[in-house]
There are 2 protein chains.
Amino acid sequence: MSGDRSKAARHRPTIHDVAAAAGVSRGTVSRALNGGRNVSPAALEAVLKAVRTTGYVANPAARSLVTQRAHSVAFVLTEPQQRLFEDPNFSILLQGCTQELAELDVPVLLMTASTEVERKRTSRFIAAGHVDGVLLVSSHTGNPLIDDLHDSGIPVVACGKPIGFENRVAYAAADDRSGARLMVEHLRSRGRRRIATITGPPDTPGGVERLAGYRDVLGADATPELIAHGDYSRVGGEAAMASLLERAPDLDAVFVASDLMAAGALNVLHDSGRRVPEDVAVGGFDDSSIATSTRPALTTVRQPFQRITREMVRLLMEQIRGEPPAAAILPTELVVRAST
Amino acid sequence: MSGDRSKAARHRPTIHDVAAAAGVSRGTVSRALNGGRNVSPAALEAVLKAVRTTGYVANPAARSLVTQRAHSVAFVLTEPQQRLFEDPNFSILLQGCTQELAELDVPVLLMTASTEVERKRTSRFIAAGHVDGVLLVSSHTGNPLIDDLHDSGIPVVACGKPIGFENRVAYAAADDRSGARLMVEHLRSRGRRRIATITGPPDTPGGVERLAGYRDVLGADATPELIAHGDYSRVGGEAAMASLLERAPDLDAVFVASDLMAAGALNVLHDSGRRVPEDVAVGGFDDSSIATSTRPALTTVRQPFQRITREMVRLLMEQIRGEPPAAAILPTELVVRAST
DNA sequence: AACCGCGCTGTGAACGTGCACAGTAGTTGC
DNA sequence: GCAACTACTGTGCACGTTCACAGCGCGGTT
């Protein structure tokens, strides 16, 4: 074992070794490996064979040093730590971006910026040039990280509309407002008349837009006692549901702005003795893995996470290539299950 | 805006700029920044001031090139993609490791190796020297990635005992067997006599050890019809519970080897008309966020995730510094809630 | 015959840092 | 008074790669 180790660690083959083995120069090896332009078939073959026999893999640091590119990207989460593992949305986004970028051979660095200390560390780290771009997942507005990033001039793509930076920072987002309308219209079509809502935080795009969609459909029926604010957490959903039941005990439907909060709401409704959907219909938002694990399974609005992550990556790569920031708004879809 | 960008991008200050601004040489700047040994107070102050005025941040690629260290670490997940966001355990581990390493200023690269293509990409990437070490989260045995990593001689720490590599690869793990004993003894103390179990996959340490703990306590009472195998997924837990109910309808308790599977089991018990814990007591394993979100809340065995991640990071850093691989076994704890 | 363009090749110069080494000034010891 | 030591400083080199440039042979055009 230690023999293997020292052998492997003794000396990693460099481009010189490959050149020597192939009987050509460094330049030819480099050209053969990066696109292969202006390389004779014989030389190309010799190089590829030498790469195989030597087990050569290019040194990323040396490459980065000369190309002035890190060839990697950061995934930055500004939400409280808790969120990452409580709400599956973040995992799905992370997973999607990682996979999308892996196909481009771009590794993803995971960083958080929940606290002030972390934010400074992350800003500094990104300013150091460790990464070529940033995928920013931060629903709340007002985090100074986005200022730092914007000032440093590094390409950034936000997930969800970055309130206050809509025109300066690229983003990919679901069409929250239309999605909310779809759900509320669906609840109406089921004959519900007292439709309440649990919103996201008012400083998040989802909190604002999904409430707007709800109001679009209900108009004057959207009375204050039917609206409760949540914080996208399960316990937040429970608290909001309890508050709604107190203020509007006659409600017959609830549109909840996230599946996780809806799961909390379902528990509270269950504890209060109400049946879902017979007494109260419940609609969620996201279509995350939670939606199929509740009893009853949740009718919800599907966010096209795969398209979102794909667009985020595309928009980021565009900017890294020098193009200006752009935005992508993606359509949502109603998924009807047992809770309505 | 574009003014700012081009200004920021025009030229990043190098160590030369700092040296010039401080009126000293490169070497002095380097020494001042790396430990500050053998630097006069005056020079140190001048350097720090120059760093502030120029906004200098060391170029990581140049540093890596000369130190032969990447100063970063990979977190590699070999489970199917799905797992990352279905089972909160992985998110917790990821989060914990990231946070622990962030304090050491070591970034974490997230990679997956679920498919053959991904495995090759990941192996190749790690062999390229992008990272100094690997945190490997892979419950199943038989994944060739661990061979690749071991062959390449890179420091590795596994989460959970790496079956087949126990003596060659470092790992941190909870004491699964004792934890299982704790739970089964608890169920017995509640007066349960027909205690079934849903195991993890037999090619995972958790699948083997937790079953062994169950057998330790029950002895001859651990009859085959009381044992069902799951795959750590929710639907796997549902299927196993359904199978148990068919084979042993008189069971009065179930020890489930993960909280996620236990959540599935609870749903099936509920659908079958059984009350928990009156008719059937249910015990989980992990104490993940799921445990408090089920109805009733889940009695479970707490894995000390924070200590596990801390040990993983410590063991990895040790190896990177050249010390031999070691292992850490951490104690578990019974957490009693409403389901037993 | 001289010239040009083309496809291919080798070579030198960066990229920005850390480290070994040599050197300097000031202090101490004998 | 000289050597030895200490505390600090500057300089050259190396890390491994890419890129621009120059060189070279060769066929075709003027």
# chains A, B, ... in the order shown; residues from 1 in each chain; ligands from 1
call {"tool": "interface_residues", "arguments": {"of": "chain A", "to": "chain B", "cutoff": "6 Å", "atoms": "only C-alpha atoms", "output": "JSON, numbers by chain"}}
result
{"A": [5, 57, 61, 62, 64, 65, 85, 88, 91, 108, 109, 110, 128, 153]}
call {"tool": "write_last_selection", "arguments": {"atoms": "N, CA, C and O atoms", "output": "mmCIF file, in the first residue's frame"}}
result
data_model
loop_
_atom_site.group_PDB
_atom_site.id
_atom_site.type_symbol
_atom_site.label_atom_id
_atom_site.label_comp_id
_atom_site.auth_asym_id
_atom_site.auth_seq_id
_atom_site.Cartn_x
_atom_site.Cartn_y
_atom_site.Cartn_z
ATOM 1 N N ARG A 5 1.387 4.161 -2.887
ATOM 2 C CA ARG A 5 1.209 5.591 -2.602
ATOM 3 C C ARG A 5 2.408 6.395 -3.031
ATOM 4 O O ARG A 5 2.283 7.397 -3.710
ATOM 5 N N VAL A 57 -2.558 13.764 -16.777
ATOM 6 C CA VAL A 57 -3.740 14.611 -16.617
ATOM 7 C C VAL A 57 -3.221 16.026 -16.380
ATOM 8 O O VAL A 57 -2.356 16.236 -15.533
ATOM 9 N N ALA A 61 -4.017 23.900 -11.873
ATOM 10 C CA ALA A 61 -3.501 25.167 -11.358
ATOM 11 C C ALA A 61 -2.655 25.865 -12.410
ATOM 12 O O ALA A 61 -2.786 27.073 -12.628
ATOM 13 N N ALA A 62 -1.812 25.091 -13.072
ATOM 14 C CA ALA A 62 -0.964 25.691 -14.096
ATOM 15 C C ALA A 62 -1.815 26.233 -15.235
ATOM 16 O O ALA A 62 -1.570 27.327 -15.756
ATOM 17 N N SER A 64 -4.954 27.217 -15.023
ATOM 18 C CA SER A 64 -5.670 28.400 -14.553
ATOM 19 C C SER A 64 -4.762 29.620 -14.526
ATOM 20 O O SER A 64 -5.168 30.725 -14.852
ATOM 21 N N LEU A 65 -3.532 29.387 -14.126
ATOM 22 C CA LEU A 65 -2.609 30.507 -13.993
ATOM 23 C C LEU A 65 -2.434 31.227 -15.323
ATOM 24 O O LEU A 65 -2.448 32.455 -15.382
ATOM 25 N N PHE A 85 -31.389 21.628 4.405
ATOM 26 C CA PHE A 85 -31.802 20.235 4.502
ATOM 27 C C PHE A 85 -33.257 20.066 4.914
ATOM 28 O O PHE A 85 -33.782 18.985 4.872
ATOM 29 N N PRO A 88 -36.500 20.568 0.449
ATOM 30 C CA PRO A 88 -35.852 19.839 -0.642
ATOM 31 C C PRO A 88 -35.555 20.702 -1.858
ATOM 32 O O PRO A 88 -34.729 20.337 -2.674
ATOM 33 N N SER A 91 -31.873 21.379 -2.280
ATOM 34 C CA SER A 91 -31.117 20.207 -2.714
ATOM 35 C C SER A 91 -31.340 19.947 -4.192
ATOM 36 O O SER A 91 -30.410 19.586 -4.911
ATOM 37 N N VAL A 108 -18.325 22.361 -9.097
ATOM 38 C CA VAL A 108 -19.125 23.309 -8.337
ATOM 39 C C VAL A 108 -18.599 23.399 -6.910
ATOM 40 O O VAL A 108 -18.449 22.385 -6.234
ATOM 41 N N LEU A 109 -18.332 24.609 -6.480
ATOM 42 C CA LEU A 109 -17.934 24.828 -5.093
ATOM 43 C C LEU A 109 -19.144 25.281 -4.312
ATOM 44 O O LEU A 109 -19.826 26.232 -4.701
ATOM 45 N N LEU A 110 -19.393 24.611 -3.191
ATOM 46 C CA LEU A 110 -20.555 24.945 -2.397
ATOM 47 C C LEU A 110 -20.160 25.887 -1.269
ATOM 48 O O LEU A 110 -19.273 25.585 -0.482
ATOM 49 N N ALA A 128 -11.072 36.414 -4.754
ATOM 50 C CA ALA A 128 -9.729 35.882 -4.966
ATOM 51 C C ALA A 128 -9.592 35.225 -6.334
ATOM 52 O O ALA A 128 -8.496 34.912 -6.759
ATOM 53 N N GLY A 153 -17.770 42.526 -10.123
ATOM 54 C CA GLY A 153 -17.874 42.339 -11.564
ATOM 55 C C GLY A 153 -17.870 40.897 -12.019
ATOM 56 O O GLY A 153 -17.759 40.617 -13.203
#
call {"tool": "closest_atom_pairs", "arguments": {"of": "chain C", "to": "chain B", "cutoff": "7 Å", "atoms": "only C-alpha atoms (C1' of nucleotides)", "output": "tab-separated table"}}
result
residue	atom	partner	partner_atom	distance
C:DG16	C1'	B:Ala62	CA	5.0
C:DT17	C1'	B:Arg63	CA	4.9
C:DG18	C1'	B:Val66	CA	6.2
call {"tool": "select_by_dssp", "arguments": {"residues": "segment 75-159 of chain B", "states": "helix (DSSP H, G or I)", "output": "PDB file with N, CA, C and O atoms, in the first residue's frame"}}
result
ATOM      1  N   GLN B  81     -28.828   9.908  -7.383  1.00  0.00           N
ATOM      2  CA  GLN B  81     -29.124  11.338  -7.287  1.00  0.00           C
ATOM      3  C   GLN B  81     -30.270  11.625  -6.321  1.00  0.00           C
ATOM      4  O   GLN B  81     -30.204  12.500  -5.473  1.00  0.00           O
ATOM      5  N   GLN B  82     -31.335  10.882  -6.549  1.00  0.00           N
ATOM      6  CA  GLN B  82     -32.570  11.024  -5.789  1.00  0.00           C
ATOM      7  C   GLN B  82     -32.297  11.202  -4.304  1.00  0.00           C
ATOM      8  O   GLN B  82     -32.882  12.053  -3.648  1.00  0.00           O
ATOM      9  N   ARG B  83     -31.414  10.374  -3.780  1.00  0.00           N
ATOM     10  CA  ARG B  83     -31.153  10.345  -2.355  1.00  0.00           C
ATOM     11  C   ARG B  83     -30.787  11.695  -1.774  1.00  0.00           C
ATOM     12  O   ARG B  83     -31.156  12.032  -0.665  1.00  0.00           O
ATOM     13  N   LEU B  84     -30.004  12.439  -2.529  1.00  0.00           N
ATOM     14  CA  LEU B  84     -29.492  13.697  -1.991  1.00  0.00           C
ATOM     15  C   LEU B  84     -30.610  14.574  -1.470  1.00  0.00           C
ATOM     16  O   LEU B  84     -30.484  15.237  -0.456  1.00  0.00           O
ATOM     17  N   PHE B  85     -31.738  14.585  -2.189  1.00  0.00           N
ATOM     18  CA  PHE B  85     -32.766  15.509  -1.721  1.00  0.00           C
ATOM     19  C   PHE B  85     -33.943  14.815  -1.062  1.00  0.00           C
ATOM     20  O   PHE B  85     -34.769  15.453  -0.447  1.00  0.00           O
ATOM     21  N   GLU B  86     -33.973  13.492  -1.152  1.00  0.00           N
ATOM     22  CA  GLU B  86     -35.059  12.819  -0.457  1.00  0.00           C
ATOM     23  C   GLU B  86     -34.688  12.592   1.006  1.00  0.00           C
ATOM     24  O   GLU B  86     -35.491  12.770   1.905  1.00  0.00           O
ATOM     25  N   PRO B  88     -32.711  13.644   4.226  1.00  0.00           N
ATOM     26  CA  PRO B  88     -32.023  14.816   4.779  1.00  0.00           C
ATOM     27  C   PRO B  88     -30.631  14.496   5.320  1.00  0.00           C
ATOM     28  O   PRO B  88     -29.826  15.407   5.479  1.00  0.00           O
ATOM     29  N   ASN B  89     -30.348  13.222   5.579  1.00  0.00           N
ATOM     30  CA  ASN B  89     -29.032  12.880   6.115  1.00  0.00           C
ATOM     31  C   ASN B  89     -27.900  13.416   5.254  1.00  0.00           C
ATOM     32  O   ASN B  89     -26.916  13.939   5.761  1.00  0.00           O
ATOM     33  N   PHE B  90     -28.066  13.265   3.959  1.00  0.00           N
ATOM     34  CA  PHE B  90     -26.985  13.681   3.076  1.00  0.00           C
ATOM     35  C   PHE B  90     -26.794  15.186   3.126  1.00  0.00           C
ATOM     36  O   PHE B  90     -25.670  15.682   3.156  1.00  0.00           O
ATOM     37  N   SER B  91     -27.901  15.909   3.159  1.00  0.00           N
ATOM     38  CA  SER B  91     -27.792  17.362   3.242  1.00  0.00           C
ATOM     39  C   SER B  91     -27.112  17.777   4.529  1.00  0.00           C
ATOM     40  O   SER B  91     -26.294  18.697   4.548  1.00  0.00           O
ATOM     41  N   ILE B  92     -27.435  17.071   5.609  1.00  0.00           N
ATOM     42  CA  ILE B  92     -26.839  17.426   6.888  1.00  0.00           C
ATOM     43  C   ILE B  92     -25.342  17.168   6.867  1.00  0.00           C
ATOM     44  O   ILE B  92     -24.550  17.991   7.327  1.00  0.00           O
ATOM     45  N   LEU B  93     -24.965  16.048   6.317  1.00  0.00           N
ATOM     46  CA  LEU B  93     -23.538  15.741   6.227  1.00  0.00           C
ATOM     47  C   LEU B  93     -22.825  16.777   5.362  1.00  0.00           C
ATOM     48  O   LEU B  93     -21.762  17.294   5.723  1.00  0.00           O
ATOM     49  N   LEU B  94     -23.425  17.073   4.245  1.00  0.00           N
ATOM     50  CA  LEU B  94     -22.822  18.043   3.330  1.00  0.00           C
ATOM     51  C   LEU B  94     -22.672  19.398   4.005  1.00  0.00           C
ATOM     52  O   LEU B  94     -21.611  20.020   3.990  1.00  0.00           O
ATOM     53  N   GLN B  95     -23.751  19.819   4.611  1.00  0.00           N
ATOM     54  CA  GLN B  95     -23.762  21.093   5.312  1.00  0.00           C
ATOM     55  C   GLN B  95     -22.698  21.128   6.414  1.00  0.00           C
ATOM     56  O   GLN B  95     -21.939  22.088   6.554  1.00  0.00           O
ATOM     57  N   GLY B  96     -22.659  20.071   7.196  1.00  0.00           N
ATOM     58  CA  GLY B  96     -21.715  20.024   8.310  1.00  0.00           C
ATOM     59  C   GLY B  96     -20.276  20.074   7.833  1.00  0.00           C
ATOM     60  O   GLY B  96     -19.462  20.837   8.364  1.00  0.00           O
ATOM     61  N   CYS B  97     -19.962  19.289   6.826  1.00  0.00           N
ATOM     62  CA  CYS B  97     -18.590  19.270   6.314  1.00  0.00           C
ATOM     63  C   CYS B  97     -18.226  20.628   5.722  1.00  0.00           C
ATOM     64  O   CYS B  97     -17.124  21.137   5.936  1.00  0.00           O
ATOM     65  N   THR B  98     -19.145  21.198   4.975  1.00  0.00           N
ATOM     66  CA  THR B  98     -18.871  22.493   4.354  1.00  0.00           C
ATOM     67  C   THR B  98     -18.557  23.540   5.397  1.00  0.00           C
ATOM     68  O   THR B  98     -17.602  24.300   5.281  1.00  0.00           O
ATOM     69  N   GLN B  99     -19.365  23.542   6.434  1.00  0.00           N
ATOM     70  CA  GLN B  99     -19.198  24.545   7.467  1.00  0.00           C
ATOM     71  C   GLN B  99     -17.878  24.348   8.222  1.00  0.00           C
ATOM     72  O   GLN B  99     -17.128  25.290   8.469  1.00  0.00           O
ATOM     73  N   GLU B 100     -17.626  23.105   8.548  1.00  0.00           N
ATOM     74  CA  GLU B 100     -16.400  22.778   9.273  1.00  0.00           C
ATOM     75  C   GLU B 100     -15.174  23.201   8.461  1.00  0.00           C
ATOM     76  O   GLU B 100     -14.223  23.774   9.001  1.00  0.00           O
ATOM     77  N   LEU B 101     -15.228  22.935   7.168  1.00  0.00           N
ATOM     78  CA  LEU B 101     -14.081  23.240   6.319  1.00  0.00           C
ATOM     79  C   LEU B 101     -13.978  24.724   6.010  1.00  0.00           C
ATOM     80  O   LEU B 101     -12.880  25.250   5.818  1.00  0.00           O
ATOM     81  N   ALA B 102     -15.114  25.385   5.980  1.00  0.00           N
ATOM     82  CA  ALA B 102     -15.088  26.824   5.699  1.00  0.00           C
ATOM     83  C   ALA B 102     -14.273  27.540   6.761  1.00  0.00           C
ATOM     84  O   ALA B 102     -13.546  28.495   6.472  1.00  0.00           O
ATOM     85  N   GLU B 116     -21.930   5.306 -14.137  1.00  0.00           N
ATOM     86  CA  GLU B 116     -20.590   4.932 -14.575  1.00  0.00           C
ATOM     87  C   GLU B 116     -19.864   6.136 -15.188  1.00  0.00           C
ATOM     88  O   GLU B 116     -18.687   6.366 -14.924  1.00  0.00           O
ATOM     89  N   VAL B 117     -20.601   6.903 -15.963  1.00  0.00           N
ATOM     90  CA  VAL B 117     -20.004   8.090 -16.593  1.00  0.00           C
ATOM     91  C   VAL B 117     -19.527   9.070 -15.531  1.00  0.00           C
ATOM     92  O   VAL B 117     -18.408   9.586 -15.586  1.00  0.00           O
ATOM     93  N   GLU B 118     -20.383   9.313 -14.553  1.00  0.00           N
ATOM     94  CA  GLU B 118     -20.014  10.234 -13.485  1.00  0.00           C
ATOM     95  C   GLU B 118     -18.816   9.732 -12.703  1.00  0.00           C
ATOM     96  O   GLU B 118     -17.946  10.510 -12.313  1.00  0.00           O
ATOM     97  N   ARG B 119     -18.803   8.442 -12.461  1.00  0.00           N
ATOM     98  CA  ARG B 119     -17.697   7.893 -11.681  1.00  0.00           C
ATOM     99  C   ARG B 119     -16.371   8.138 -12.389  1.00  0.00           C
ATOM    100  O   ARG B 119     -15.397   8.555 -11.786  1.00  0.00           O
ATOM    101  N   LYS B 120     -16.362   7.882 -13.686  1.00  0.00           N
ATOM    102  CA  LYS B 120     -15.131   8.087 -14.443  1.00  0.00           C
ATOM    103  C   LYS B 120     -14.728   9.556 -14.417  1.00  0.00           C
ATOM    104  O   LYS B 120     -13.563   9.890 -14.221  1.00  0.00           O
ATOM    105  N   ARG B 121     -15.701  10.407 -14.606  1.00  0.00           N
ATOM    106  CA  ARG B 121     -15.423  11.844 -14.611  1.00  0.00           C
ATOM    107  C   ARG B 121     -14.852  12.268 -13.266  1.00  0.00           C
ATOM    108  O   ARG B 121     -13.882  13.016 -13.194  1.00  0.00           O
ATOM    109  N   THR B 122     -15.470  11.777 -12.224  1.00  0.00           N
ATOM    110  CA  THR B 122     -15.036  12.164 -10.881  1.00  0.00           C
ATOM    111  C   THR B 122     -13.641  11.624 -10.578  1.00  0.00           C
ATOM    112  O   THR B 122     -12.788  12.337 -10.059  1.00  0.00           O
ATOM    113  N   SER B 123     -13.404  10.373 -10.924  1.00  0.00           N
ATOM    114  CA  SER B 123     -12.072   9.796 -10.714  1.00  0.00           C
ATOM    115  C   SER B 123     -11.014  10.615 -11.428  1.00  0.00           C
ATOM    116  O   SER B 123      -9.981  10.972 -10.865  1.00  0.00           O
ATOM    117  N   ARG B 124     -11.311  10.886 -12.655  1.00  0.00           N
ATOM    118  CA  ARG B 124     -10.368  11.620 -13.486  1.00  0.00           C
ATOM    119  C   ARG B 124     -10.113  13.011 -12.907  1.00  0.00           C
ATOM    120  O   ARG B 124      -8.977  13.484 -12.844  1.00  0.00           O
ATOM    121  N   PHE B 125     -11.177  13.611 -12.484  1.00  0.00           N
ATOM    122  CA  PHE B 125     -11.085  14.957 -11.932  1.00  0.00           C
ATOM    123  C   PHE B 125     -10.226  14.978 -10.680  1.00  0.00           C
ATOM    124  O   PHE B 125      -9.379  15.853 -10.493  1.00  0.00           O
ATOM    125  N   ILE B 126     -10.437  14.014  -9.839  1.00  0.00           N
ATOM    126  CA  ILE B 126      -9.676  13.973  -8.594  1.00  0.00           C
ATOM    127  C   ILE B 126      -8.222  13.616  -8.884  1.00  0.00           C
ATOM    128  O   ILE B 126      -7.306  14.176  -8.282  1.00  0.00           O
ATOM    129  N   ALA B 127      -8.024  12.714  -9.844  1.00  0.00           N
ATOM    130  CA  ALA B 127      -6.659  12.353 -10.213  1.00  0.00           C
ATOM    131  C   ALA B 127      -5.911  13.558 -10.773  1.00  0.00           C
ATOM    132  O   ALA B 127      -4.692  13.632 -10.684  1.00  0.00           O
ATOM    133  N   LEU B 145     -15.382   3.302  -7.290  1.00  0.00           N
ATOM    134  CA  LEU B 145     -14.759   4.599  -7.047  1.00  0.00           C
ATOM    135  C   LEU B 145     -13.747   4.516  -5.927  1.00  0.00           C
ATOM    136  O   LEU B 145     -12.660   5.100  -5.998  1.00  0.00           O
ATOM    137  N   ILE B 146     -14.099   3.766  -4.899  1.00  0.00           N
ATOM    138  CA  ILE B 146     -13.197   3.705  -3.759  1.00  0.00           C
ATOM    139  C   ILE B 146     -11.884   3.019  -4.149  1.00  0.00           C
ATOM    140  O   ILE B 146     -10.816   3.384  -3.647  1.00  0.00           O
ATOM    141  N   ASP B 147     -11.949   2.093  -5.077  1.00  0.00           N
ATOM    142  CA  ASP B 147     -10.712   1.506  -5.607  1.00  0.00           C
ATOM    143  C   ASP B 147      -9.877   2.566  -6.314  1.00  0.00           C
ATOM    144  O   ASP B 147      -8.683   2.695  -6.078  1.00  0.00           O
ATOM    145  N   ASP B 148     -10.545   3.303  -7.189  1.00  0.00           N
ATOM    146  CA  ASP B 148      -9.848   4.351  -7.934  1.00  0.00           C
ATOM    147  C   ASP B 148      -9.138   5.297  -6.975  1.00  0.00           C
ATOM    148  O   ASP B 148      -7.958   5.612  -7.139  1.00  0.00           O
ATOM    149  N   LEU B 149      -9.876   5.750  -5.982  1.00  0.00           N
ATOM    150  CA  LEU B 149      -9.328   6.731  -5.058  1.00  0.00           C
ATOM    151  C   LEU B 149      -8.163   6.131  -4.289  1.00  0.00           C
ATOM    152  O   LEU B 149      -7.111   6.753  -4.125  1.00  0.00           O
ATOM    153  N   HIS B 150      -8.373   4.916  -3.824  1.00  0.00           N
ATOM    154  CA  HIS B 150      -7.321   4.278  -3.050  1.00  0.00           C
ATOM    155  C   HIS B 150      -6.064   4.086  -3.891  1.00  0.00           C
ATOM    156  O   HIS B 150      -4.947   4.330  -3.441  1.00  0.00           O
ATOM    157  N   ASP B 151      -6.268   3.689  -5.147  1.00  0.00           N
ATOM    158  CA  ASP B 151      -5.115   3.496  -6.035  1.00  0.00           C
ATOM    159  C   ASP B 151      -4.357   4.794  -6.270  1.00  0.00           C
ATOM    160  O   ASP B 151      -3.130   4.802  -6.360  1.00  0.00           O
ATOM    161  N   SER B 152      -5.100   5.865  -6.398  1.00  0.00           N
ATOM    162  CA  SER B 152      -4.433   7.134  -6.717  1.00  0.00           C
ATOM    163  C   SER B 152      -3.702   7.685  -5.500  1.00  0.00           C
ATOM    164  O   SER B 152      -2.936   8.638  -5.619  1.00  0.00           O
TER     165      SER B 152
END
call {"tool": "interface_residues", "arguments": {"of": "chain B", "to": "chain D", "cutoff": "7 Å", "atoms": "only C-alpha atoms (C1' of nucleotides)", "output": "mmCIF file with C-alpha atoms, in the first residue's frame"}}
result
data_model
loop_
_atom_site.group_PDB
_atom_site.id
_atom_site.type_symbol
_atom_site.label_atom_id
_atom_site.label_comp_id
_atom_site.auth_asym_id
_atom_site.auth_seq_id
_atom_site.Cartn_x
_atom_site.Cartn_y
_atom_site.Cartn_z
ATOM 1 C CA SER B 25 10.229 43.148 -1.943
ATOM 2 C CA THR B 28 8.782 40.229 2.380
ATOM 3 C CA ASN B 38 11.032 37.168 10.410
ATOM 4 C CA VAL B 39 9.347 40.363 9.328
ATOM 5 C CA SER B 40 9.996 43.661 11.056
ATOM 6 C CA LEU B 65 1.110 25.640 -8.607
ATOM 7 C CA VAL B 66 4.064 26.229 -6.356
#
call {"tool": "atom_distance", "arguments": {"atom1": "atom CA of Val18 of chain B", "atom2": "atom C1' of DG23 of chain C"}}
result
23.0 Å
call {"tool": "decode", "arguments": {"residues": "segment 2-18 of chain C", "atoms": "C-alpha atoms (C1' of nucleotides)", "output": "mmCIF file, in the first residue's frame"}}
result
data_model
loop_
_atom_site.group_PDB
_atom_site.id
_atom_site.type_symbol
_atom_site.label_atom_id
_atom_site.label_comp_id
_atom_site.auth_asym_id
_atom_site.auth_seq_id
_atom_site.Cartn_x
_atom_site.Cartn_y
_atom_site.Cartn_z
ATOM 1 C "C1'" DA C 2 11.695 33.817 -56.994
ATOM 2 C "C1'" DC C 3 7.813 34.300 -54.316
ATOM 3 C "C1'" DC C 4 3.920 33.323 -51.543
ATOM 4 C "C1'" DG C 5 0.791 30.863 -48.674
ATOM 5 C "C1'" DC C 6 -0.193 26.842 -45.957
ATOM 6 C "C1'" DG C 7 0.157 23.278 -42.638
ATOM 7 C "C1'" DC C 8 2.750 21.934 -39.160
ATOM 8 C "C1'" DT C 9 6.328 22.298 -35.555
ATOM 9 C "C1'" DG C 10 9.533 23.961 -31.789
ATOM 10 C "C1'" DT C 11 10.822 27.680 -28.585
ATOM 11 C "C1'" DG C 12 10.682 31.506 -25.423
ATOM 12 C "C1'" DA C 13 7.988 34.110 -22.625
ATOM 13 C "C1'" DA C 14 4.673 34.815 -19.658
ATOM 14 C "C1'" DC C 15 1.021 33.767 -15.652
ATOM 15 C "C1'" DG C 16 1.827 34.900 -9.851
ATOM 16 C "C1'" DT C 17 3.350 32.718 -6.122
ATOM 17 C "C1'" DG C 18 6.525 30.372 -2.380
#
